[in-house]
Structures are given as C-alpha cells and as structure tokens.
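*Asks:* I'd like to ask some things about the structure below.
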Amino acid sequence: MPRDLPSRLDTAKDGIVQSHNPQIAEAKGQVRIRSNVCKDPNAWHLVPGDELKRHNLHYHNLTSKQHDELMYYDSCSICCRRIYEIDEDGCDHPICQGQGIPSSADAARRKSRYVDNNGANSDS
Amino acid sequence: MAATFGLDFGTTNSLATVIHFDNESGRFTPRSFVQDGKPHPSVVWYPGGEPIVGHRALAQLSDLGLGVFGDIVRSPKMFLGSPTGIYVDGISHQAVDVVADVLSYLRKDALGQWHGDNSFNRAVITIPVTMRGPARAELRQAALKAGIHIHQFVHEPLAALYGYLRSRTDFQQELSNLERRLVLVFDWGGGTLDLTLCQLRDGVLTQILNVGDGEVGGDQFDLCMRRLVRKKHEDQHPNSDWSRLQPTADARLIHACEDAKIILSRRDVAPVVVRDLLASSGHEKDLYVQITRSELEDSVQDLISRGLCKIDTLLDRASVHRGEVEFCLATGGMVSMPAIRKGLRDIFGINRLRLVDNPASVISEGAAWIAHDGVGLQLAKPIEILHADDSYVEVIPAGTDLPLGGKAISCKIDMYCVDPSDGFAKFLFARPTWPGRASHGDSREPYTHLTLPVHSRSKPLLERLQVEVAIDDNLIAQIRARSLMRNATRQAFIHDLEFGLSVLGAINAA
C-alpha cells in the first residue's frame, strides 16, 4: 500500500492540461500547454517519477514531486488498485486501517454527501 | 548616395517623404510630396487601360467604406496577405498588383515634384501594428514591382513618435528627458486605430506593447455621418425616396459629408448641400441639411468610446497606471475631432496630451527621418522557450539587430524532452511583458506554441530536438523544430514581434 499520498498534481480540466506556471497571463478559455522540454540532457529532476521507474533510470534519488508521481501511478501490492481508486472507493484491508485511508463505508458516505451537495450529474 | 524615402502606405491615404538639405535654413528638413496640400488617397480606379490613382480615383467613388466598389479599389492594403484575388468589375486582380499601382503612382508623383538626384529606389515603409507577416511579404513584392526596394519596415506609431521627436528643435534634450519614461502613441487614422506603448531604454526607443483595431477607422465615422444626413433629409421630406439617387449623387454626397466633418472639427454647425440628389421633381430632390457637432458626436459615440477604451486595454495588459505615462502623442486624422480630443484630455490631462502639428505627414516624415538617420530596428524583447521547470531559455536575445532588406538572422538550440511518453514535445514561445525584466518571476506574454512528434518509447532526455528560430527581413520569426530520432519537423511563425529603434546614432547626427 502506498503510504505517501501525492501532495499536488497537475490539474486536468476539460481535457486540457493546465500549467502551474504563474508567469503566463491567465485568460478564460485560453488553451495552454505545459512545456515538457529542457536544454540540459542531464535534467533528471524534471522527468516524471513514474517515467524514471518505467525506464529504470535514476529513480533512487527522487525529488518529492517525482516521488508523488511515482506513487500515484504505482499500484497497491495487495489490492492492485491505484491511489485514486483507493481514495474514491475506500479500502477495508487491516493493513490500511489507521493509515489515513477511508474504509469503503466512509468512502460511500462521502460520495453520497457529495452527490447530495452537488447534484447527481456532477462529476465527482 | 541616393536618398532613401519614407513611405506611409496608409489605409485611406498614402504619402512619400524625403529628407533633404535646405539651403535657406542650412539644415536637413523633410519634404512630403502632397497634392494640393493633401496626401494621396489610397484609391485605384480601373476604367480600362491605365489605372488611375489618388484624388482622381477618389472623385469617382460613390460608396463609403473600404474595399472594392465596381471598378474602384479603396484601401488595397487590406487585401494584402489574403489568399484570394481582388475582383474589380468582374476581373480578378492580385492584391500585389493593385498595391504596386498605388506605390508606382506615389513614386512617379514624388519624382515629378522632386529634382534631387532623381531616384526613388529605396524606402523605409510604415505598417500598422496589426499587419501580419504574409501581408508584409506581399507589400515587399508590390514595392519591388513598383521599383522600390524596401529597406526596412517600421510600425506606424513608432514612426510617428520618431517623426515627432525628430522635428523638435530640442530633440537631444527631449530624448534625454525621456530616458526610462513611458510614452503612449495614439494613432487614429482613416482605416485603423493603432496604439503603442514605448519606453526609451538606454538610447533605444522600445515598444512595450502594441494594440490595434481595424474596425473603428475614420471610414466608420463617415458611414455614421452619411446615415445622419439621410435621416435629417428624410425628416424634412417624409416622401423622399433614397432608392432614386441620381447618377454620381452618392459620390457628391460623400464629399459633402467629408467636408462637413472637417468643418465640424472647428465649428458647431456645418451645412451639407447636394443639389439634384434624388430623381424627383419636388423639393426633396435637393439635399440641404444642417448638422451640428453634438448630433455627429451622438451618432459616433460608440465608436469613440470603443477607441478610447483601447487605451485602458493596453495599459491594463502592460500593468501600467495612466499616471505613469509621461505623455500621449495623439496623431491621425480622427484626432482632430473635438470629442476624441476631449476624451484624450480627460484621460491624460491637458499637459500630458501632445498633438502633432502635421498629422497627415508625421508618419511619413518619421519613416524618412529613420531612413536618413540610419536608425536600425532591434528586437525589443528576447524570444524565449518555456523550460519544463517553468523557467525560460533565451533563444534570440533582446537588442539583436533585425535584418534589413534581403537578409535574415537565425539561432539554433538543442533541447530534450523530459517526458516523451505521449509522443509529443511541447514548446511554448514567449517574451517578457517588459523589456529588461526577464528573470524567472517576471511576467511573460506568450507568442505561440508548437507540438513536435517524438519517439514515444524512447527514454526521457535521449532524443535530441533541434529548434531554429529565424527572423527575416519581413520581421517574421519562423520557428522550425525537428526531432532527430522520430525525424519529424514542425514549424510555427511569430508575426507580432516588438521592436526598438536605436536612436543613439540619430542623436549624434542631429
């Protein structure tokens, strides 16, 4: 079970990956891309953590963001689900209890509350 | 050495100017080649045979607005860069050819009036800030057809500012006073409204930001005036039938409206008189109405508001407060309208609003001074690529001299993709909002973006991506990116570069 939950991830809204770059002026409806290029061929700290692991490259000295990325795309060794699914549906395995993971009953209650507050058709 | 002319190829009027040595005053002065004190209308008439350009063509015009009217083309500039031809009286013409007719006429007229060294082969030509790259390239072609080699392009408001400053007797003092100060050029002409925020930085007159609007030009005011005249006439004569206009009546009405508009700049009331306007026998056949200034201003209030709002749009984008602008230089024919002057005074106050004495020729004179002083264009802001860590990599630095006729500059850079798993490298090209403020946290304005296919199964940072940025003499930046493993190529263009004029040489020349 992954213990470190990703702290912050890139937001994807309406299919457009949004840049966290604060310098580019924000305008409603403006399509932006997040740059994935660099000048330094040894800039391993900029490679997503999951990509480093996939290619077995330099993934022992990860930055915290790379670690988050790695964990986000890694599957649980017990239930084989990713952290997003576990967070959505909860987990009742004894090892997960007390680790900040909601139980399946808690997750269902949270979902129900969300539907009540935001309407049945909202994207949860 | 043959003189290089300044050429203002405007939407509604065009003018050529040359700087010559005046023996009487013992100094260099501009000489503009006007006709009856007026610039030449950018109008071409194709009656069959030789095209007729300028005032004679304008006299034939019986419609307001810009475009093609029967066998007359008004403002051929607006067709430059368009993939389709111009259909004049059912015959297709290339925009380049029509523009070449105007430029040939200007050249011939200037040579006829000027007895210098009898050559007009090179020119610095002015362009609106909104003119796209393909249109600039076609303008160069048209000029070549007319026998004029374009030495350099320059934005109209920048030329106007340089012309204004250069014409002052305290030119050097003015420049030293302006160091690091902001100047707004507000150029409201017959076809377009152009605004440029400039700053003099270390001897370079630098454009910070440009804004343009092609839909509030003086031609739109003429249309409003015509509607107002017609309404007043219909109020006087409810039975008048405007579908029964006499032949040539429209042309006479247009000229009467234009005259009245000019009179209303100085007086409160102007008559509009057109005899035999309608084909009828009653009193309604003659047009006689009085238009007051307030009536005209009411009818064009929306246009005025929209134009003046552009000032705040530009200042907001540059994060500049109105009070930070040292002065606003107002030029263009529309600025003589009292309501527009009042609006500008309300914004900048009477002390910070400067009106040019020669609005019809200041742009052309500025271009001629730029040619005479050998003032070169520089890149005002660096061209940068957004790095994956949200910093910026400079590709072409600010202050780079931009190429003159027939030349180009280019710069290559190798880059790598940190995450090729989706098969694309993503480039964002941008520049700092403010020249000289290019550190990590400073705000940026995007130019364009480019996505380049890469080998999706390769390791990160392995495939080399070659990026080349080249700027040609039409001031278009062409970006070519190539992935060496996937062997894909993509390109993008930047048409809205900002420029600086290096005026240090001019100070010495003055």
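Just so we're on the same page: first chain in the structure tokens is A, next is B, and so on; residues restart at 1 for each chain, and ligands are numbered from 1 in the order they show up.
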Which polymer residues have any atom within 9 Å of an atom of Leu57 in chain A, counting only C-alpha atoms, with same-chain residues fewer than 6 positions away left out, as a VMD selection string?
*Replies:* (chain A and resid 44 51) or (chain B and resid 459)
*Asks:* At a cut-off of 7 Å, which residues of chain B touch chain A? Count only C-alpha atoms and give the answer as a list in words.
*Replies:*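 Only these qualify: Leu386, His387, Ala388, Asp389, Asp390, Asp414, Met415, Tyr416, Cys417, Val418, Asp419, Ala425, Lys426, Phe427, Leu428, Gly441, Asp442, Ser443, Arg444, Glu445, Pro446, Lys459, Pro460 and Leu461 of chain B.
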*Asks:* In range 236-453 of chain B, what's strand (DSSP E or B) per DSSP? Answer as a PyMOL selection string?
*Replies:* chain B and resi 245+269-274+278+287-292+325-331+353-355+377-379+383-386+392-396+401+408-417+424-432+444-453
*Asks:* Using DSSP on the backbone coordinates, identify all residues within range 27-84 of chain A classified as helix (DSSP H, G or I); present the result as JSON, numbers by chain.
*Replies:* {"A": [44, 45, 46, 49, 50, 51, 52, 53, 54, 64, 65, 66, 67, 68, 69, 70, 71, 72, 73, 83, 84]}
*Asks:* To one decimal place, how far is CA of Glu215 in chain B from CA of Thr192 in chain B in Å?
*Replies:*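 Going from CA of Glu215 in chain B over to CA of Thr192 in chain B covers 6.8 Å.
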*Asks:* May I have the residues within 12 Å of range 95-108 of chain A as a PyMOL selection string, using only C-alpha atoms and disregarding those fewer than 2 positions away in the same chain?
*Replies:* chain A and resi 1-5+76-79+83-93+110-115
*Asks:* Take the residues that were just selected and, keeping C-alpha atoms, output them as an mmCIF file, in the first residue's frame.
*Replies:*
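Contents of again.cif, freshly written:
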```cif
data_model
loop_
_atom_site.group_PDB
_atom_site.id
_atom_site.type_symbol
_atom_site.label_atom_id
_atom_site.label_comp_id
_atom_site.auth_asym_id
_atom_site.auth_seq_id
_atom_site.Cartn_x
_atom_site.Cartn_y
_atom_site.Cartn_z
ATOM 1 C CA MET A 1 0.000 0.000 0.000
ATOM 2 C CA PRO A 2 1.485 3.397 -0.895
ATOM 3 C CA ARG A 3 1.903 5.403 2.281
ATOM 4 C CA ASP A 4 2.765 8.810 0.830
ATOM 5 C CA LEU A 5 -0.151 10.312 -0.972
ATOM 6 C CA CYS A 76 -1.113 -1.341 -4.357
ATOM 7 C CA SER A 77 0.696 -4.634 -3.830
ATOM 8 C CA ILE A 78 -2.373 -6.083 -2.053
ATOM 9 C CA CYS A 79 -5.410 -4.933 -3.995
ATOM 10 C CA ILE A 83 -4.282 5.534 -5.084
ATOM 11 C CA TYR A 84 -7.065 7.412 -6.884
ATOM 12 C CA GLU A 85 -9.330 4.341 -6.878
ATOM 13 C CA ILE A 86 -8.484 3.566 -3.244
ATOM 14 C CA ASP A 87 -9.270 7.140 -2.253
ATOM 15 C CA GLU A 88 -12.541 7.035 -4.178
ATOM 16 C CA ASP A 89 -13.826 3.648 -3.037
ATOM 17 C CA GLY A 90 -12.008 3.172 0.278
ATOM 18 C CA CYS A 91 -10.198 0.058 1.491
ATOM 19 C CA ASP A 92 -11.114 -2.364 4.302
ATOM 20 C CA HIS A 93 -7.848 -4.302 4.455
ATOM 21 C CA ARG A 110 -18.571 10.779 1.429
ATOM 22 C CA LYS A 111 -19.690 10.073 -2.117
ATOM 23 C CA SER A 112 -23.329 10.223 -1.123
ATOM 24 C CA ARG A 113 -22.794 13.545 0.667
ATOM 25 C CA TYR A 114 -21.058 14.906 -2.404
ATOM 26 C CA VAL A 115 -23.937 13.869 -4.658
#
```
*Asks:* Cys198 in chain B: which residues within 8 Å, counting only C-alpha atoms, same-chain residues fewer than 5 positions away excluded, as a CSV table (one decimal) with C-alpha atoms, in the first residue's frame?
*Replies:*
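Saved as part-v3.csv:
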```csv
chain,number,residue,atom,x,y,z
B,182,LEU,CA,6.7,55.8,-20.9
B,183,VAL,CA,5.1,57.4,-24.0
B,184,LEU,CA,1.8,56.3,-25.5
B,185,VAL,CA,1.3,56.8,-29.2
B,205,LEU,CA,13.1,53.7,-28.3
B,206,THR,CA,11.5,50.4,-27.3
B,207,GLN,CA,7.9,49.1,-27.9
B,208,ILE,CA,6.5,47.7,-24.8
B,209,LEU,CA,3.1,46.7,-26.1
```
*Asks:* Using only C-alpha atoms, determine which residues lie at most 9 Å from Ser240 in chain B, disregarding the query and same-chain residues fewer than 5 positions distant; provide the list as a tab-separated table (two decimals) with N, CA and C atoms, in the first residue's frame.
*Replies:*
```
chain	number	residue	atom	x	y	z
B	233	HIS	N	-32.58	64.46	-43.77
B	233	HIS	CA	-33.27	64.79	-45.02
B	233	HIS	C	-34.63	64.10	-45.08
B	234	GLU	N	-34.69	62.86	-44.62
B	234	GLU	CA	-35.97	62.14	-44.62
B	234	GLU	C	-36.94	62.77	-43.62
B	278	LEU	N	-31.80	63.47	-55.62
B	278	LEU	CA	-32.78	62.44	-55.94
B	278	LEU	C	-33.45	62.73	-57.28
B	280	SER	N	-36.34	63.23	-58.56
B	280	SER	CA	-37.76	63.58	-58.36
B	280	SER	C	-37.93	65.07	-58.64
B	282	GLY	N	-39.92	67.30	-56.73
B	282	GLY	CA	-40.24	68.16	-55.58
B	282	GLY	C	-39.00	68.75	-54.93
B	284	GLU	N	-37.65	67.71	-52.38
B	284	GLU	CA	-36.78	66.68	-51.81
B	284	GLU	C	-35.62	66.31	-52.73
B	285	LYS	N	-35.66	66.79	-53.98
B	285	LYS	CA	-34.58	66.39	-54.90
B	285	LYS	C	-33.24	66.99	-54.48
```
*Asks:* Quick one: everything within 10 Å of Leu314 in chain B, counting only C-alpha atoms, minus sequence neighbours fewer than 3 positions away in the same chain. Send it as an MDAnalysis selection string.
*Replies:* chainID B and resid 184 195:197 208:212 309:311 317:320
*Asks:* Export N, CA and C atoms of the chosen residues as a short mmCIF file (atom, residue, chain, number, x, y, z; two decimals), in the first residue's frame?
*Replies:*
```cif
data_model
loop_
_atom_site.label_atom_id
_atom_site.label_comp_id
_atom_site.auth_asym_id
_atom_site.auth_seq_id
_atom_site.Cartn_x
_atom_site.Cartn_y
_atom_site.Cartn_z
N LEU B 184 2.85 56.99 -24.75
CA LEU B 184 1.81 56.27 -25.48
C LEU B 184 1.56 56.99 -26.80
N LEU B 195 -2.21 51.68 -31.32
CA LEU B 195 -1.63 52.22 -30.08
C LEU B 195 -0.33 51.50 -29.79
N THR B 196 0.65 52.25 -29.38
CA THR B 196 1.93 51.66 -28.98
C THR B 196 2.40 52.32 -27.69
N LEU B 197 2.75 51.48 -26.74
CA LEU B 197 3.35 51.99 -25.51
C LEU B 197 4.86 51.84 -25.67
N ILE B 208 6.82 48.56 -25.90
CA ILE B 208 6.46 47.66 -24.79
C ILE B 208 5.31 46.77 -25.23
N LEU B 209 4.30 47.41 -25.78
CA LEU B 209 3.10 46.66 -26.15
C LEU B 209 2.38 47.40 -27.27
N ASN B 210 1.78 46.65 -28.18
CA ASN B 210 1.00 47.23 -29.28
C ASN B 210 -0.43 46.72 -29.21
N VAL B 211 -1.34 47.58 -29.55
CA VAL B 211 -2.75 47.18 -29.67
C VAL B 211 -3.30 47.88 -30.92
N GLY B 212 -4.07 47.16 -31.69
CA GLY B 212 -4.65 47.76 -32.89
C GLY B 212 -6.11 47.38 -33.04
N CYS B 309 -11.37 53.22 -25.21
CA CYS B 309 -11.23 52.08 -24.30
C CYS B 309 -9.95 51.29 -24.59
N LYS B 310 -9.49 51.38 -25.82
CA LYS B 310 -8.26 50.63 -26.17
C LYS B 310 -7.07 51.11 -25.33
N ILE B 311 -7.13 52.37 -24.89
CA ILE B 311 -6.04 52.89 -24.07
C ILE B 311 -5.95 52.09 -22.78
N ARG B 317 -3.01 45.59 -19.86
CA ARG B 317 -2.17 44.45 -20.26
C ARG B 317 -0.72 44.66 -19.85
N ALA B 318 -0.30 45.92 -19.89
CA ALA B 318 1.09 46.21 -19.51
C ALA B 318 1.23 46.49 -18.02
N SER B 319 0.12 46.41 -17.29
CA SER B 319 0.11 46.71 -15.84
C SER B 319 0.69 48.09 -15.57
N VAL B 320 0.24 49.05 -16.34
CA VAL B 320 0.71 50.44 -16.20
C VAL B 320 -0.48 51.31 -15.82
#
```
*Asks:* Extract, using only C-alpha atoms, all DNA, RNA and protein residues at most 10 Å from Arg275 in chain B, discarding same-chain residues fewer than 6 positions from it, and format them as an MDAnalysis selection string.
*Replies:* chainID B and resid 246 249 252:253 284:288
*Asks:* Check the smallest atom-to-atom distance from each of B:Ala260, B:Ala339, B:Ala470, B:Leu158 to Leu402 in chain B using only C-alpha atoms, then report the winner.
*Replies:*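 Under the stated criterion, the closest residue is B:Ala470.
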*Asks:* Could you jot down the CA of Leu353 in chain B to CA of Ala368 in chain B separation for me, Å, one decimal place?
*Replies:*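 Straight-line distance from CA of Leu353 in chain B to CA of Ala368 in chain B works out to 24.5 Å.
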*Asks:* For a test of reading the model, state the distance in Å between CA of Ser483 in chain B and CA of Arg457 in chain B, rounded to one decimal.
*Replies:*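 Computed distance, CA of Ser483 in chain B to CA of Arg457 in chain B, equals 13.6 Å.
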*Asks:* Between B:Leu103, B:Leu193, B:Val98, B:Val53, which residue has the minimum interatomic distance to Val129 in chain B, considering only C-alpha atoms?
*Replies:* B:Leu193
